[in-house]
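K.L.:
Submitted below is the structure of interest, expressed as structure tokens.
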Amino acid sequence: MTKLKIKRRRASSAPGETELIIEAGRTEKNYWQDIWRYRELFYFLAWRDILVRYKQTAIGVGWALIRPFLTMVVFTVVFGRLANLPSDGVPYPILVFSAMLPWQLFSTALSECSNSLIANANLLSKVYFPRLVVPTSAVVVSFVDFAISGIILVALMVWFAYVPSWRIITLPLFTLIALAASMGVGLWMASLNVQYRDFRYIVPFLVQFGLYISPVGFSSNIVPDQWRLLYSLNPMVGVIDGFRWAILGNEATIYWPGFALSMSLVILLLVSGIWYFRKMERTFADVI
């Protein structure tokens with residue numbers, strides 16, 4: 001589908017008349033400017049998703065606290081008590097929840113982003129706007145859940161009298177990395193979900209499977225050294241280790257070669273996700 005822009009100018013031979021000039025590719029050149037121009041649509045979609053997130057639920061935003069809290073309790077009992085895995089010198093609930101925060105941000109953002117185009121099918125097929133606005137606005141909902149869940153981490157630190165170090169100021173940086181990882185994978189899944197609806201079933205499986213192969217319920221330090229680099233092919237390993245490094249202070253360490261590999265994969269996923277999304281974007285209205 002070729003996008004055209006129509007220019008109007010007065011014809012020199014016939015005063016009062018206008019000449020139409022159709023210029024191909026103009027919209028493509030101004031795509032990133034259009035995203036800024038449609039920022040109000042971004043705000044509207046994000047606010048709408050936030051409002052309907054827990055609509056007609058008995059406890060509302062309480063679900064943003066209950067789900068990660070119960071997961072933390074289960075992982076603490078299974079890995080901390082039954083399996084008796086090491087906790088790097090910190091209370092096991094704090095070790096688990098410092099990883100639950102980025103994982104919840106990633107998993108929720110991935111789920112919302114992958115389904116965003118299908119959920120807004122009527123809007124996509126009727127008017128033009130940069131389609132990248134839709135999955136990006138869907139990620140905002142996951143960030144709200146992430147901020148609310150942070151209350152549990154603060155409560156755990158107060159309960160165990162645990163004081164974080166200066167590294168806590170780097171937490172926003174690792175939060176951005178987690179968002180980049182979720183956006184990269186989410187853009188791929190959102191684009192593929194338009195073409196093949198099977199991906200609506202694949203995403204929940206990936207989220208569930210990824211929870212157990214990521215170091216959420218345990219420290220990545222228990223992975224043998226010869227496997228650490230291979231284990232870091234999971235981009236969330238670097239993200240989770242970064243969160244623990246920022247939250248747990250001197251008790252947490254980062255395996256820097258693996259962290260660099262994970263960050264490279266996050267950048268690759270984000271860049272390739274944007275590229276593939278832009279490639280398929282022109283067909284969304286026809287296929288969806």
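Each chain in the structure tokens gets a letter, A, B, ..., in the order shown, and its residues are numbered from 1; ligands are numbered from 1 in order too.
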Per residue of region 141-240 of chain A within 7 Å of region 255-271 of chain A, what are the shortest atom pair and its distance in Å to one decimal, counting only C-alpha atoms, with rows by chain and residue number, as a Markdown table?
P.N.:
```
| residue | atom | partner | partner_atom | distance |
| --- | --- | --- | --- | --- |
| A:Ala180 | CA | A:Leu270 | CA | 6.2 |
| A:Ala181 | CA | A:Val266 | CA | 5.1 |
| A:Met183 | CA | A:Leu270 | CA | 6.4 |
| A:Gly184 | CA | A:Leu270 | CA | 3.7 |
| A:Val185 | CA | A:Leu269 | CA | 6.3 |
| A:Arg228 | CA | A:Gly258 | CA | 6.6 |
| A:Leu229 | CA | A:Gly258 | CA | 5.0 |
| A:Ser232 | CA | A:Gly258 | CA | 5.0 |
| A:Leu233 | CA | A:Ser262 | CA | 6.1 |
| A:Asn234 | CA | A:Ser262 | CA | 6.7 |
| A:Pro235 | CA | A:Ser262 | CA | 4.4 |
| A:Val237 | CA | A:Ser262 | CA | 6.9 |
| A:Gly238 | CA | A:Phe259 | CA | 4.6 |
```
K.L.:
If we count only C-alpha atoms, what is near Pro215 (chain A) at a cut-off of 9 Å, once residues fewer than 6 positions away on the same chain are taken out, given as number ranges by chain?
P.N.:
A: 96, 99, 236-237, 240-241
K.L.:
Tell me, as a list in words, which residues lie within 12 Å of Gly210 (chain A), counting only C-alpha atoms; anything in the same chain fewer than 6 positions away does not count.
P.N.:
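Counting only C-alpha atoms, the residues come to Trp103, Gln104, Phe106, Ser107, Leu110, Ile202, Val203, Pro204, Val216, Gly217, Asn234, Pro235, Met236 and Val237 of chain A.
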K.L.:
From the set A:Glu112, A:Glu40, A:Asp34, A:Asp198, which residue has the shortest atom-to-atom contact distance to Val140 (chain A), counting only C-alpha atoms?
P.N.:
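Smallest distance to Val140 (chain A) is found for A:Glu112.
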K.L.:
Name the residues of region 91-284 of chain A that come out as helix (DSSP H, G or I) in a backbone DSSP run; write them as a ChimeraX atom specification.
P.N.:
/A:92-119,121-124,133-159,166-195,199-213,220-222,225-231,235-251,256-281,284
K.L.:
Might you pull out every residue within 9 Å of Gly80 (chain A), with only C-alpha atoms counted and same-chain residues fewer than 3 positions away left off, and present them as a count of residues only?
P.N.:
12
K.L.:
Which distance in Å separates CA of Ser149 (chain A) and CA of Tyr201 (chain A), to one decimal?
P.N.:
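Taking CA of Ser149 (chain A) as the start and CA of Tyr201 (chain A) as the end point, the length is 26.3 Å.
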K.L.:
Between CA of Ser114 (chain A) and CA of Phe199 (chain A), what is the distance in Å, rounded to a tenth?
P.N.:
8.5 Å
K.L.:
Would you kindly return, as a list of chain:residue names, each protein, DNA or RNA residue with an atom no farther than 12 Å from any atom of Phe284 (chain A), considering only C-alpha atoms and excluding same-chain residues fewer than 4 positions away?
P.N.:
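Here the qualifying residues turn out to be A:Met1, A:Leu117, A:Ile118, A:Asn120, A:Ala121, A:Asn122, A:Leu123, A:Leu124, A:Ser125, A:Lys126, A:Val127, A:Tyr128, A:Phe129, A:Pro130, A:Arg131, A:Leu132, A:Ala190, A:Ser191, A:Leu192, A:Asn193, A:Val194, A:Gln195, A:Tyr196, A:Phe277, A:Arg278, A:Lys279, A:Met280, A:Ile288.
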K.L.:
Tell me which of A:Cys113, A:Ile35, A:Ala147, A:Ile50 sits closest to Thr175 (chain A), counting only C-alpha atoms.
P.N.:
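So, comparing all the options, the nearest one is A:Ala147.
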K.L.:
Expressed in Å to a single decimal, how great is the separation between CA of Tyr162 (chain A) and CA of Ile247 (chain A)?
P.N.:
10.2 Å
